[in-house]
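Contents: one structure, followed by commentary.
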Amino acid sequence: MRLNLSRALIFVSIVVTAFVGASAQRGTKALWTEIPPSQADNNLAEINSRPGAYRMFQMNGPAMESLLIDAPEEFSALADISQQIITLPMPDGSMGRFSIEHSLVVEPGLAAKYPELGRTYRGRGIDDPTASVRLDFLPGGFHSMILSASGTVLVDPIEPGQTGDYISYFKRDAKELSPFSCSFDEKDEIESMFYGTWWGSLLYR
């Protein structure tokens, strides 16, 4: 009887995991819409620091936020039995799938005061097993950095604080873009410091 019960629990766990993974994959299909090259060039015509080569996409912000909210905590038991999958746009126009976890990088006290600064994540590639990713969805927009055997790929807003249109490009094709924005608001200054330490150190290491 105990053996049958154990088998039943294992079967249920497998079914639930498969269902969660399939649901997440279905939910990622509408995350990104590529902007035609001619329109993308027009949108970036006045931005001097644009990369030498890139693809431009519109992000479905509410859909992305919904997926990120459900990401399991890193090192948790839930992370061992379920996956939250998102897609990220690549510079060749394809979509890469990643299994992600919530990964807090700011001090707990600071995250308690400004919960939005706690929206940081890490992940691993599904289609490309050599790929890993760090990403965030802060008030200044969505940012991700993908490290893989093919090189470092960045997905950033076309301008600081712009949260609708994004560019995907290889780090090797980029000028030194700065996410810094001037503000006298304490939260904005903390976010700028956040980018200047954690994200900036990753971007230019």
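Starting from 1 in every chain, residues are counted up; chains themselves are A, B, ... following the order of the structure tokens, and ligands are numbered from 1 as listed.
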Inset, instruction - List every residue of segment 81-139 of chain A that DSSP, applied to the backbone, labels as strand (DSSP E), and write the result as number ranges by chain. - result: A: 84-89, 95-102, 120-125, 132-138
Legend entry - Selected residue of minimal separation from Phe170 of chain A among A:Gly52, A:Met64, A:Val133, A:Gly141, counting only C-alpha atoms: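 Using only C-alpha atoms, Phe170 of chain A sits closest to A:Gly52.
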Legend entry - Two-atom distance - atom CA of Pro37 of chain A, atom CA of Arg172 of chain A (Å):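 Between atom CA of Pro37 of chain A and atom CA of Arg172 of chain A the gap works out to 20.1 Å.
Nearest-residue note for Glu101 of chain A: choosing from A:Pro62, A:Pro129, A:Gly118, A:Pro72, the minimum distance belongs to A:Pro72, counting only C-alpha atoms.
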Inset, instruction - Return the single residue from A:Tyr54, A:Phe75, A:Trp32, A:Tyr121 that is closest to Val153 of chain A, with distances computed using only C-alpha atoms. - result: A:Tyr54
Inset, instruction - Check segment 63-135 of chain A with DSSP on the backbone and list each residue it calls alpha helix (DSSP H), as a VMD selection string. - result: chain A and resid 63 to 69 77 to 81 108 to 113
